[in-house]
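Q: What follows is input-v2.txt; its format and atoms are compact mmCIF, C-alpha atoms and all ligand atoms.
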```txt
# COMPACT_ATOMS: atom_id res chain seq x y z
CA MET A 167 32.55 -137.53 70.38
CA THR A 168 32.44 -139.54 67.15
CA GLY A 169 34.55 -142.55 66.17
CA HIS A 170 36.18 -143.19 62.78
CA SER A 171 38.77 -145.57 61.36
CA TRP A 172 40.71 -142.74 59.76
CA ALA A 173 41.05 -138.97 60.11
CA VAL A 174 42.83 -137.04 57.35
CA ILE A 175 44.04 -133.57 58.38
CA GLY A 176 44.53 -131.24 55.41
CA ALA A 177 42.77 -130.98 52.05
CA GLY A 178 45.59 -129.93 49.76
CA PRO A 179 46.77 -132.24 46.97
CA ALA A 180 48.26 -134.68 49.53
CA GLY A 181 45.12 -134.83 51.70
CA ILE A 182 42.94 -135.28 48.61
CA ALA A 183 45.18 -138.16 47.50
CA ALA A 184 45.04 -139.73 50.98
CA VAL A 185 41.23 -139.66 51.08
CA GLY A 186 40.99 -141.02 47.51
CA ARG A 187 43.40 -143.88 48.17
CA LEU A 188 41.72 -144.83 51.49
CA LEU A 189 38.42 -145.14 49.63
CA ASP A 190 40.17 -147.13 46.86
CA HIS A 191 41.42 -149.53 49.56
CA GLY A 192 37.83 -150.19 50.63
CA VAL A 193 37.65 -147.96 53.72
CA ALA A 194 33.99 -146.86 53.96
CA GLY A 195 33.35 -143.14 53.43
CA ASP A 196 31.54 -142.75 56.76
CA GLU A 197 34.64 -144.18 58.50
CA ILE A 198 36.77 -141.27 57.25
CA ALA A 199 36.82 -137.82 58.92
CA TRP A 200 38.43 -135.14 56.72
CA ILE A 201 39.45 -131.90 58.42
CA ASP A 202 40.50 -128.61 56.77
CA PRO A 203 39.53 -124.97 57.37
CA ASP A 204 38.86 -124.22 53.68
CA PHE A 205 38.69 -127.31 51.41
CA ALA A 206 40.11 -125.12 48.62
CA ALA A 207 42.79 -127.49 47.20
CA GLY A 208 45.43 -126.30 49.69
CA ASP A 209 48.13 -123.89 48.60
CA PHE A 210 47.60 -124.74 44.90
CA GLY A 211 44.08 -123.35 45.16
CA THR A 212 44.70 -120.44 47.53
CA LYS A 213 48.25 -119.16 46.95
CA TRP A 214 49.92 -120.52 43.84
CA ARG A 215 47.26 -120.20 41.11
CA ALA A 216 49.28 -117.62 39.15
CA VAL A 217 52.58 -119.53 39.51
CA PRO A 218 54.01 -121.36 36.49
CA GLY A 219 54.44 -125.00 37.54
CA ASN A 220 57.71 -126.88 37.43
CA THR A 221 56.42 -130.26 36.28
CA HIS A 222 55.01 -131.47 32.99
CA VAL A 223 51.22 -131.59 32.63
CA SER A 224 51.52 -135.38 32.10
CA LEU A 225 52.55 -135.78 35.76
CA PHE A 226 49.51 -133.85 36.96
CA LEU A 227 47.35 -136.09 34.76
CA ASP A 228 49.08 -139.18 36.27
CA TYR A 229 48.05 -137.93 39.71
CA LEU A 230 44.47 -137.11 38.64
CA ASN A 231 44.02 -140.54 37.03
CA ALA A 232 45.75 -142.55 39.76
CA SER A 233 42.83 -142.95 42.15
CA PRO A 234 39.61 -144.56 40.85
CA SER A 235 37.76 -142.69 43.62
CA PHE A 236 38.78 -139.38 41.98
CA ARG A 237 36.49 -140.34 39.04
CA PHE A 238 38.56 -138.04 36.84
CA ALA A 239 37.41 -139.89 33.69
CA GLU A 240 33.88 -138.56 34.45
CA ALA A 241 35.01 -135.00 35.17
CA PRO A 242 33.72 -131.99 33.21
CA HIS A 243 36.10 -130.40 30.73
CA PHE A 244 39.13 -128.71 32.32
CA GLU A 245 41.58 -126.45 30.46
CA LEU A 246 44.43 -128.59 31.82
CA THR A 247 43.53 -131.42 29.45
CA ASP A 248 43.91 -129.09 26.40
CA ILE A 249 47.59 -128.51 27.16
CA ASP A 250 50.42 -130.51 25.60
CA PRO A 251 51.28 -133.10 28.29
CA GLY A 252 54.98 -132.42 27.69
CA GLN A 253 54.57 -128.72 28.66
CA THR A 254 54.27 -126.99 32.03
CA CYS A 255 51.25 -124.86 33.02
CA LEU A 256 49.97 -122.35 35.55
CA LEU A 257 49.12 -124.10 38.81
CA GLY A 258 45.60 -122.62 38.79
CA LEU A 259 44.80 -125.02 35.95
CA VAL A 260 45.58 -127.90 38.30
CA ALA A 261 43.68 -126.32 41.19
CA ASP A 262 40.41 -126.46 39.21
CA PRO A 263 40.24 -130.28 38.85
CA LEU A 264 41.55 -130.63 42.42
CA MET A 265 38.59 -128.54 43.61
CA TRP A 266 36.14 -130.66 41.63
CA ILE A 267 37.56 -133.90 43.08
CA SER A 268 37.65 -132.51 46.58
CA GLN A 269 34.01 -131.42 46.35
CA HIS A 270 32.72 -134.86 45.35
CA LEU A 271 35.00 -136.67 47.84
CA ARG A 272 33.57 -134.47 50.60
CA GLU A 273 30.12 -135.86 49.80
CA ARG A 274 31.38 -139.40 50.47
CA VAL A 275 33.25 -138.82 53.74
CA LYS A 276 32.59 -136.81 56.90
CA SER A 277 34.17 -133.44 56.11
CA ILE A 278 34.76 -131.00 58.94
CA ARG A 279 35.68 -127.35 58.38
CA ALA A 280 38.13 -126.74 61.21
CA VAL A 281 41.76 -126.55 62.24
CA ALA A 282 43.06 -129.54 64.20
CA THR A 283 44.83 -128.16 67.25
CA GLU A 284 45.80 -131.21 69.31
CA LEU A 285 46.33 -134.95 68.96
CA THR A 286 46.25 -137.36 71.88
CA LEU A 287 46.50 -141.15 71.95
CA ARG A 288 44.19 -142.78 74.56
CA ASN A 289 42.70 -146.27 74.75
CA ARG A 290 44.23 -147.11 71.36
CA ARG A 291 42.37 -144.23 69.71
CA TRP A 292 43.58 -140.87 68.50
CA LEU A 293 41.62 -137.85 69.69
CA VAL A 294 41.81 -134.96 67.25
CA ARG A 295 40.83 -131.73 68.95
CA THR A 296 39.48 -128.72 67.06
CA ALA A 297 38.12 -125.43 68.47
CA ASP A 298 34.69 -126.93 69.08
CA ALA A 299 34.88 -130.70 68.65
CA GLU A 300 36.81 -133.86 69.49
CA ILE A 301 37.06 -136.42 66.71
CA GLU A 302 38.07 -139.96 67.51
CA ALA A 303 39.95 -142.07 64.95
CA ARG A 304 42.02 -145.24 64.99
CA ASN A 305 44.47 -143.73 62.51
CA VAL A 306 45.39 -140.20 61.48
CA ILE A 307 47.08 -138.95 58.31
CA LEU A 308 48.69 -135.51 58.54
CA ALA A 309 48.78 -133.66 55.21
CA VAL A 310 49.23 -130.14 56.56
CA GLY A 311 51.60 -128.64 53.98
CA SER A 312 54.46 -126.17 54.42
CA VAL A 313 55.13 -122.45 54.68
CA PRO A 314 57.97 -120.40 53.16
CA LYS A 315 61.14 -120.17 55.28
CA LYS A 316 62.30 -116.71 56.25
CA LEU A 317 65.59 -115.06 57.15
CA HIS A 318 65.85 -112.30 59.73
CA HIS A 319 66.38 -108.87 58.16
CA PRO A 320 63.87 -106.79 60.11
CA HIS A 321 64.98 -103.42 58.68
CA LEU A 322 63.56 -104.49 55.27
CA GLU A 323 59.87 -104.45 54.39
CA GLU A 324 58.93 -108.01 53.48
CA ILE A 325 56.98 -108.78 50.30
CA PRO A 326 55.32 -112.14 51.07
CA LEU A 327 56.26 -114.94 48.69
CA GLU A 328 52.66 -115.47 47.59
CA VAL A 329 52.60 -111.80 46.47
CA ALA A 330 55.98 -111.93 44.71
CA LEU A 331 54.86 -115.02 42.76
CA ASP A 332 51.63 -113.40 41.56
CA PRO A 333 51.98 -110.50 39.05
CA HIS A 334 48.45 -109.22 39.84
CA LYS A 335 49.10 -109.01 43.58
CA LEU A 336 52.53 -107.47 42.96
CA ALA A 337 51.05 -104.77 40.69
CA LYS A 338 49.00 -103.50 43.66
CA LEU A 339 52.14 -102.53 45.63
CA ALA A 340 53.77 -99.10 45.29
CA LEU A 341 57.31 -100.15 44.43
CA GLU A 342 58.53 -97.17 42.34
CA ASP A 343 61.35 -96.27 44.73
CA ALA A 344 62.00 -99.76 45.99
CA THR A 345 65.25 -101.69 45.88
CA VAL A 346 64.18 -105.27 46.48
CA ALA A 347 66.44 -107.97 47.91
CA VAL A 348 65.54 -111.47 46.74
CA PHE A 349 67.26 -114.26 48.69
CA GLY A 350 67.65 -117.64 46.96
CA SER A 351 68.14 -119.27 43.58
CA SER A 352 65.26 -121.77 43.65
CA HIS A 353 62.27 -122.25 41.31
CA SER A 354 60.41 -119.59 43.33
CA SER A 355 63.35 -117.17 42.94
CA MET A 356 63.29 -117.57 39.16
CA VAL A 357 59.56 -116.76 39.14
CA ALA A 358 59.77 -113.85 41.61
CA LEU A 359 62.73 -112.12 39.88
CA PRO A 360 61.08 -111.58 36.46
CA ASN A 361 57.80 -110.67 38.18
CA LEU A 362 59.58 -107.95 40.17
CA LEU A 363 61.49 -106.71 37.11
CA ASP A 364 58.13 -106.29 35.35
CA THR A 365 57.15 -103.70 37.99
CA PRO A 366 58.62 -100.18 38.18
CA VAL A 367 61.08 -101.11 41.01
CA ARG A 368 64.31 -99.14 41.04
CA GLU A 369 66.48 -102.24 41.35
CA VAL A 370 66.40 -105.91 42.33
CA VAL A 371 69.37 -107.51 44.09
CA ASN A 372 69.45 -111.30 44.05
CA PHE A 373 71.44 -112.66 47.01
CA TYR A 374 72.63 -116.19 46.22
CA ARG A 375 74.69 -118.92 47.82
CA SER A 376 75.26 -121.55 45.15
CA PRO A 377 75.21 -122.06 41.36
CA THR A 378 71.88 -122.60 39.62
CA LYS A 379 70.87 -126.24 39.15
CA TYR A 380 68.86 -127.47 36.17
CA ALA A 381 66.76 -130.60 35.76
CA VAL A 382 67.72 -132.58 32.64
CA TYR A 383 65.20 -134.87 30.92
CA LEU A 384 66.85 -138.14 29.91
CA GLY A 385 64.10 -140.35 28.49
CA ASP A 386 62.47 -142.07 31.45
CA GLN A 387 64.66 -140.38 34.06
CA ILE A 388 65.30 -136.80 35.15
CA LEU A 389 68.65 -135.63 36.50
CA PHE A 390 68.07 -133.33 39.52
CA ASP A 391 64.33 -134.04 39.26
CA ASP A 392 63.46 -132.59 42.67
CA THR A 393 66.08 -129.88 43.05
CA GLY A 394 66.72 -128.59 39.52
CA LEU A 395 65.01 -125.71 37.74
CA LYS A 396 62.42 -126.69 35.12
CA GLY A 397 60.06 -125.09 32.62
CA ASN A 398 59.83 -121.29 32.27
CA ALA A 399 61.87 -120.74 35.42
CA ALA A 400 64.79 -122.74 33.98
CA GLN A 401 64.56 -120.91 30.67
CA TRP A 402 64.59 -117.51 32.39
CA ALA A 403 67.55 -118.50 34.60
CA ARG A 404 69.58 -119.78 31.63
CA GLU A 405 68.99 -116.54 29.72
CA HIS A 406 69.31 -114.03 32.54
CA ILE A 407 71.16 -115.50 35.51
CA ASP A 408 73.70 -117.67 33.72
CA GLY A 409 73.43 -115.47 30.61
CA THR A 410 73.05 -111.68 30.58
CA TYR A 411 71.60 -109.87 33.57
CA PRO A 412 68.57 -107.76 32.62
CA GLU A 413 68.66 -104.04 33.39
CA ARG A 414 67.98 -103.25 37.07
CA LEU A 415 69.16 -106.71 38.25
CA GLU A 416 72.25 -107.10 40.43
CA ARG A 417 73.50 -110.32 41.99
CA CYS A 418 75.49 -110.63 45.19
CA ARG A 419 76.97 -113.68 46.95
CA VAL A 420 75.71 -113.94 50.54
CA ASP A 421 79.24 -114.64 51.79
CA GLY A 422 80.87 -112.11 49.45
CA PRO A 423 82.63 -108.89 50.56
CA GLU A 424 79.84 -106.62 49.25
CA PHE A 425 76.98 -108.37 51.04
CA CYS A 426 76.46 -105.88 53.92
CA GLU A 427 76.71 -102.80 51.71
CA GLN A 428 74.35 -104.21 49.07
CA LEU A 429 71.81 -105.31 51.65
CA GLN A 430 71.95 -101.95 53.40
CA ALA A 431 70.89 -100.27 50.15
CA CYS A 432 67.70 -102.40 49.92
CA SER A 433 64.26 -101.30 51.14
CA HIS A 434 62.23 -104.51 50.61
CA VAL A 435 62.89 -108.24 50.76
CA VAL A 436 61.50 -111.47 49.30
CA TYR A 437 62.61 -114.79 50.83
CA THR A 438 62.72 -117.67 48.33
CA VAL A 439 64.88 -119.94 50.46
CA GLY A 440 62.74 -123.07 50.76
CA PHE A 441 59.83 -124.30 52.82
CA THR A 442 59.31 -125.64 56.30
CA ARG A 443 56.53 -127.84 57.68
CA ARG A 444 53.40 -126.01 58.90
CA GLN A 445 52.88 -126.14 62.63
CA LEU A 446 51.46 -129.55 63.50
CA PRO A 447 48.59 -130.06 65.94
CA ALA A 448 50.17 -130.23 69.41
CA THR A 449 51.12 -133.69 70.72
CA PRO A 450 51.62 -132.99 74.43
CA GLN A 451 52.33 -136.66 75.21
CA TRP A 452 55.60 -136.55 73.24
CA GLY A 453 56.46 -132.95 72.43
CA GLU A 454 57.54 -132.50 68.83
CA LEU A 455 57.13 -135.66 66.76
CA GLU A 456 59.38 -136.55 63.82
CA TYR A 457 58.55 -138.77 60.86
CA ASP A 458 60.46 -141.57 59.19
CA PRO A 459 61.22 -140.28 55.64
CA ALA A 460 61.40 -143.90 54.41
CA ASN A 461 57.73 -144.66 55.18
CA GLY A 462 55.97 -141.55 56.54
CA ILE A 463 55.32 -143.09 60.00
CA LEU A 464 55.28 -140.74 63.02
CA ALA A 465 53.74 -143.08 65.62
CA PRO A 466 51.44 -146.13 65.63
CA GLY A 467 48.40 -145.03 63.65
CA LEU A 468 49.89 -141.59 62.89
CA PHE A 469 51.30 -140.89 59.44
CA GLY A 470 52.43 -137.98 57.27
CA VAL A 471 52.25 -137.27 53.53
CA GLY A 472 52.74 -134.33 51.16
CA ILE A 473 55.23 -131.49 51.11
CA ALA A 474 55.42 -131.50 54.93
CA PHE A 475 56.55 -135.15 55.06
CA PRO A 476 58.31 -135.90 51.78
CA GLU A 477 59.83 -139.23 50.91
CA TYR A 478 63.63 -139.22 50.73
CA GLY A 479 64.89 -141.15 47.73
CA ILE A 480 68.19 -141.85 45.97
CA ASP A 481 67.81 -141.54 42.20
CA SER A 482 69.52 -143.77 39.67
CA PHE A 483 72.39 -141.25 39.40
CA GLY A 484 73.07 -141.59 43.13
CA SER A 485 71.71 -138.15 44.16
CA GLY A 486 69.59 -138.09 47.31
CA GLN A 487 66.57 -135.74 47.20
CA TYR A 488 63.26 -135.16 48.93
CA ARG A 489 60.55 -136.20 46.48
CA ILE A 490 58.05 -133.33 46.17
CA GLY A 491 55.19 -133.03 43.72
CA LEU A 492 51.67 -134.33 43.20
CA SER A 493 52.64 -137.50 41.33
CA LYS A 494 55.28 -138.24 44.00
CA PHE A 495 52.80 -137.84 46.85
CA MET A 496 50.58 -140.35 45.05
CA GLN A 497 53.51 -142.76 44.54
CA ARG A 498 54.38 -142.42 48.24
CA LEU A 499 50.80 -143.34 49.18
CA ASN A 500 50.80 -146.28 46.78
CA CYS A 501 53.81 -147.73 48.64
CA ALA A 502 53.11 -146.58 52.19
CA LEU A 503 49.35 -146.92 52.57
CA PRO A 504 49.41 -150.77 52.57
CA LEU A 505 51.89 -150.47 55.50
CA TRP A 506 49.84 -147.82 57.28
CA LEU A 507 46.71 -149.96 57.02
CA ARG A 508 48.59 -152.52 59.17
CA TYR A 509 50.40 -150.18 61.57
CA GLY A 510 47.44 -149.04 63.66
CA THR A 511 47.24 -148.55 67.41
C1 LIG B 601 55.63 -122.12 44.48
C2 LIG B 601 55.41 -123.60 44.39
C3 LIG B 601 55.29 -124.23 43.17
C4 LIG B 601 55.07 -125.61 43.10
N1 LIG B 601 54.94 -126.19 41.89
C5 LIG B 601 54.67 -127.51 41.82
C6 LIG B 601 54.49 -128.16 40.55
O1 LIG B 601 54.62 -127.55 39.50
N2 LIG B 601 54.19 -129.48 40.53
C7 LIG B 601 54.04 -130.20 41.68
O2 LIG B 601 53.71 -131.37 41.59
N3 LIG B 601 54.23 -129.63 42.89
C8 LIG B 601 54.56 -128.31 42.99
N4 LIG B 601 54.77 -127.74 44.22
C9 LIG B 601 54.92 -128.59 45.41
C10 LIG B 601 53.66 -129.12 46.10
O3 LIG B 601 52.99 -130.00 45.24
C11 LIG B 601 52.71 -128.05 46.60
O4 LIG B 601 53.37 -127.30 47.59
C12 LIG B 601 51.42 -128.64 47.21
O5 LIG B 601 50.56 -127.56 47.52
C13 LIG B 601 51.68 -129.44 48.47
O6 LIG B 601 50.49 -130.09 48.82
P1 LIG B 601 50.14 -130.51 50.32
O7 LIG B 601 48.79 -131.12 50.26
O8 LIG B 601 51.25 -131.28 50.90
O9 LIG B 601 50.08 -129.11 51.14
P2 LIG B 601 49.13 -127.83 50.98
O10 LIG B 601 48.78 -127.58 49.58
O11 LIG B 601 49.82 -126.74 51.73
O12 LIG B 601 47.80 -128.23 51.78
C14 LIG B 601 47.78 -128.39 53.18
C15 LIG B 601 46.35 -128.19 53.67
O13 LIG B 601 46.29 -128.55 55.05
C16 LIG B 601 45.52 -127.59 55.77
N5 LIG B 601 45.96 -127.59 57.17
C17 LIG B 601 47.18 -127.27 57.66
N6 LIG B 601 47.21 -127.42 58.99
C18 LIG B 601 45.98 -127.88 59.35
C19 LIG B 601 45.39 -128.23 60.60
N7 LIG B 601 46.07 -128.17 61.74
N8 LIG B 601 44.10 -128.64 60.62
C20 LIG B 601 43.40 -128.72 59.44
N9 LIG B 601 43.91 -128.41 58.24
C21 LIG B 601 45.19 -127.99 58.19
C22 LIG B 601 45.84 -126.27 55.05
O14 LIG B 601 44.83 -125.31 55.33
C23 LIG B 601 45.86 -126.74 53.59
O15 LIG B 601 44.56 -126.69 53.04
C24 LIG B 601 54.99 -126.37 44.29
C25 LIG B 601 55.14 -125.73 45.52
C26 LIG B 601 55.34 -124.36 45.57
C27 LIG B 601 55.49 -123.71 46.91
```
Can you turn what I pasted into structure tokens?
Ligand SMILES: Cc1cc2nc3c(=O)[nH]c(=O)nc-3n(C[C@H](O)[C@H](O)[C@H](O)COP(=O)(O)OP(=O)(O)OC[C@H]3O[C@@H](n4cnc5c(N)ncnc54)[C@H](O)[C@@H]3O)c2cc1C
A:
Amino acid sequence: MTGHSWAVIGAGPAGIAAVGRLLDHGVAGDEIAWIDPDFAAGDFGTKWRAVPGNTHVSLFLDYLNASPSFRFAEAPHFELTDIDPGQTCLLGLVADPLMWISQHLRERVKSIRAVATELTLRNRRWLVRTADAEIEARNVILAVGSVPKKLHHPHLEEIPLEVALDPHKLAKLALEDATVAVFGSSHSSMVALPNLLDTPVREVVNFYRSPTKYAVYLGDQILFDDTGLKGNAAQWAREHIDGTYPERLERCRVDGPEFCEQLQACSHVVYTVGFTRRQLPATPQWGELEYDPANGILAPGLFGVGIAFPEYGIDSFGSGQYRIGLSKFMQRLNCALPLWLRYGT
């Protein structure tokens, strides 16, 4: 068994930020254990490369420049920096610098390719169990990410979200006779719908609950920053959902009179109805642990960051929203890490 001051579980954008900011705060690299099965920049690197992002490039650059330990000023040339900072981009362009940063951070800390399966607090130390090791740390940061939520329509063949959001993966499916149900009206919905309509599907039926919501840029503030559609997805929705439906697209309210009949006619389904936290390592001492959205604390010395543990904030217009996105994870760490450094076991 080996002892550390900190263990960071997860190497997506949030885990990368956590490791960078711990080093910035003077925690020695050999005091940090970093655990992930892949070290491939999390879902950005493995699932969402072909997805058009919903934030301006400037916010990704804010994240990449926020931690001196990222050494982004010394990075090789990345295509991301050629793009107008006021535009959006494919998420693969962000995954590339994330990979570069993660590779050099791994050389500074103790990186362990594994899945953390259990967390136990004993003698004022956390024990992180993996399939073949036990790692001891005074503090643990969980940055485990989220998975798409699903509804239960077992008679339909599911097209996984990561396939529906990637035109190349979608093109490999035989969808000629398919009628595809798409549940939701989120950013992912407005990427999946045009992708599906670009294939030879017979028809796409978009099942929705509420009106579309758009982010509005107002100088230094954004109305519906975390919940509104942005970029290409917003443009497509304005033209085709709140404008003229393209051929082969139907829409149906989930509580409308035609719901059952329309759904019965579908053969496939895509769920774009939000995300839910990935399964956490088991904590048998307490059962399921919850976090405090105000500060990310789960227990003494146990903290959460990233899409699985978002900050809840009220914007200047009075709307409450979970703050999700790379620059927001970094802002959360900037505020919370000084607290976490003092809330150990
Ligand atoms: C379709 C889509 C588009 C998005 N677009 C944007 C955008 O444009 N701009 C933006 O800022 N944000 C965007 N986001 C939101 C968010 O930034 C991403 O979801 C981001 O990937 C979240 O980072 P994360 O580090 O919290 O989680 P993840 O990227 O999911 O990383 C979690 C990591 O933890 C590892 N892990 C999980 N469990 C364990 C365990 N038990 N032990 C060890 N390792 C574990 C996983 O293998 C993974 O590597 C988007 C999200 C989605 C879904």
Q: Return the single residue from A:Gly181, A:Pro320, A:Gly211, A:Pro459 that is closest to A:Pro476, with distances computed using all atoms listed in the file.
A: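 Between A:Gly181, A:Pro320, A:Gly211, A:Pro459, the residue approaching A:Pro476 most closely is A:Pro459.
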Q: Go through chain A and flag each residue having an atom no more than 6 Å from ligand LIG 601 (chain B); for those, report the closest pair of atoms plus their distance in Å to one decimal, using all atoms listed in the file, ordered by chain and rising number, as JSON lines.
A:
```
{"residue": "A:Ile175", "atom": "CA", "partner": "B:LIG601", "partner_atom": "C20", "distance": 5.0}
{"residue": "A:Gly176", "atom": "CA", "partner": "B:LIG601", "partner_atom": "O13", "distance": 3.2}
{"residue": "A:Ala177", "atom": "CA", "partner": "B:LIG601", "partner_atom": "O15", "distance": 4.8}
{"residue": "A:Gly178", "atom": "CA", "partner": "B:LIG601", "partner_atom": "O12", "distance": 3.4}
{"residue": "A:Pro179", "atom": "CA", "partner": "B:LIG601", "partner_atom": "O7", "distance": 4.0}
{"residue": "A:Ala180", "atom": "CA", "partner": "B:LIG601", "partner_atom": "O7", "distance": 3.7}
{"residue": "A:Gly181", "atom": "CA", "partner": "B:LIG601", "partner_atom": "O7", "distance": 5.4}
{"residue": "A:Ile201", "atom": "CA", "partner": "B:LIG601", "partner_atom": "C20", "distance": 5.2}
{"residue": "A:Asp202", "atom": "CA", "partner": "B:LIG601", "partner_atom": "N9", "distance": 3.7}
{"residue": "A:Pro203", "atom": "CA", "partner": "B:LIG601", "partner_atom": "N9", "distance": 5.6}
{"residue": "A:Gly208", "atom": "CA", "partner": "B:LIG601", "partner_atom": "O15", "distance": 3.5}
{"residue": "A:Asp209", "atom": "CA", "partner": "B:LIG601", "partner_atom": "O10", "distance": 3.9}
{"residue": "A:Phe210", "atom": "CA", "partner": "B:LIG601", "partner_atom": "O5", "distance": 4.9}
{"residue": "A:Trp214", "atom": "CA", "partner": "B:LIG601", "partner_atom": "C1", "distance": 6.0}
{"residue": "A:Gly219", "atom": "CA", "partner": "B:LIG601", "partner_atom": "O1", "distance": 3.2}
{"residue": "A:Asn220", "atom": "CA", "partner": "B:LIG601", "partner_atom": "O1", "distance": 3.8}
{"residue": "A:Thr221", "atom": "CA", "partner": "B:LIG601", "partner_atom": "O1", "distance": 4.6}
{"residue": "A:Ala280", "atom": "CA", "partner": "B:LIG601", "partner_atom": "C20", "distance": 5.9}
{"residue": "A:Val281", "atom": "CA", "partner": "B:LIG601", "partner_atom": "N8", "distance": 3.5}
{"residue": "A:Ala282", "atom": "CA", "partner": "B:LIG601", "partner_atom": "N8", "distance": 3.8}
{"residue": "A:Thr283", "atom": "CA", "partner": "B:LIG601", "partner_atom": "N7", "distance": 5.6}
{"residue": "A:Ala309", "atom": "CA", "partner": "B:LIG601", "partner_atom": "O8", "distance": 5.5}
{"residue": "A:Val310", "atom": "CA", "partner": "B:LIG601", "partner_atom": "O13", "distance": 3.7}
{"residue": "A:Gly311", "atom": "CA", "partner": "B:LIG601", "partner_atom": "O9", "distance": 3.3}
{"residue": "A:Ser312", "atom": "CA", "partner": "B:LIG601", "partner_atom": "O11", "distance": 5.4}
{"residue": "A:Ser354", "atom": "CA", "partner": "B:LIG601", "partner_atom": "C1", "distance": 5.5}
{"residue": "A:Leu446", "atom": "CA", "partner": "B:LIG601", "partner_atom": "N7", "distance": 5.8}
{"residue": "A:Pro447", "atom": "CA", "partner": "B:LIG601", "partner_atom": "N7", "distance": 5.3}
{"residue": "A:Gly472", "atom": "CA", "partner": "B:LIG601", "partner_atom": "O8", "distance": 3.4}
{"residue": "A:Ile473", "atom": "CA", "partner": "B:LIG601", "partner_atom": "O8", "distance": 4.0}
{"residue": "A:Ala474", "atom": "CA", "partner": "B:LIG601", "partner_atom": "O8", "distance": 5.8}
{"residue": "A:Ile490", "atom": "CA", "partner": "B:LIG601", "partner_atom": "C9", "distance": 5.7}
{"residue": "A:Gly491", "atom": "CA", "partner": "B:LIG601", "partner_atom": "O2", "distance": 3.1}
{"residue": "A:Leu492", "atom": "CA", "partner": "B:LIG601", "partner_atom": "O2", "distance": 3.9}
```
Q: What is the distance, in Å and to one decimal place, between atom CA of A:Phe495 and atom CA of A:Leu359?
A: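 Value for the atom CA of A:Phe495-atom CA of A:Leu359 distance: 28.4 Å.
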Q: Considering all atoms listed in the file, state which residue in the set A:Lys396, A:Lys494, A:Arg404, A:Arg295 is at the smallest distance from A:His222.
A: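 Of A:Lys396, A:Lys494, A:Arg404, A:Arg295, the one nearest A:His222, counting all atoms listed in the file, is A:Lys396.
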Q: Measure the distance from atom CA of A:Ala232 to atom CA of A:Gly467 in Å and round it to one decimal.
A: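 Taking atom CA of A:Ala232 and atom CA of A:Gly467, their separation equals 24.2 Å.
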Q: For A:Arg489, please output as an mmCIF file with C-alpha atoms, keeping the file's coordinate frame all residues within 10 Å (counting only C-alpha atoms; exclusion window: fewer than 6 positions along the same chain).
A:
```cif
data_model
loop_
_atom_site.group_PDB
_atom_site.id
_atom_site.type_symbol
_atom_site.label_atom_id
_atom_site.label_comp_id
_atom_site.auth_asym_id
_atom_site.auth_seq_id
_atom_site.Cartn_x
_atom_site.Cartn_y
_atom_site.Cartn_z
ATOM 1 C CA ASP A 391 64.330 -134.040 39.260
ATOM 2 C CA ASP A 392 63.460 -132.590 42.670
ATOM 3 C CA THR A 393 66.080 -129.880 43.050
ATOM 4 C CA GLY A 472 52.740 -134.330 51.160
ATOM 5 C CA ILE A 473 55.230 -131.490 51.110
ATOM 6 C CA PHE A 475 56.550 -135.150 55.060
ATOM 7 C CA PRO A 476 58.310 -135.900 51.780
ATOM 8 C CA GLU A 477 59.830 -139.230 50.910
ATOM 9 C CA TYR A 478 63.630 -139.220 50.730
ATOM 10 C CA GLY A 479 64.890 -141.150 47.730
ATOM 11 C CA ILE A 480 68.190 -141.850 45.970
ATOM 12 C CA ASP A 481 67.810 -141.540 42.200
ATOM 13 C CA PHE A 495 52.800 -137.840 46.850
ATOM 14 C CA GLN A 497 53.510 -142.760 44.540
ATOM 15 C CA ARG A 498 54.380 -142.420 48.240
#
```
Q: Do you know which residues are at most 12 Å from A:Thr365 counting all atoms listed in the file, after dropping those on the same chain fewer than 4 positions away, and could you put them as a VMD selection string?
A: chain A and resid 330 332 to 346 358 to 361 369 to 370 414
Q: Go ahead and compute the interatomic distance for atom CA of A:Met496 and atom CA of A:Gln445, in Å to one decimal.
A: 22.7 Å
Q: Using all atoms listed in the file, determine which residues lie at most 6 Å from stretch 197-200 of chain A, disregarding the query and same-chain residues fewer than 2 positions distant; provide the list as a list in words.
A: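 That gives His170, Ser171, Trp172, Ala173, Val174, Ala194, Gly195, Val275, Lys276, Ser277 and Ile278 of chain A.
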Q: Using only C-alpha atoms, find all polymer residues with an atom at most 10 Å away from the point (39.9, -144.5, 45.6); report them as a list of chain:residue names.
A: A:Ala183, A:Ala184, A:Val185, A:Gly186, A:Arg187, A:Leu188, A:Leu189, A:Asp190, A:His191, A:Gly192, A:Val193, A:Ala232, A:Ser233, A:Pro234, A:Ser235, A:Phe236, A:Arg237, A:Leu271
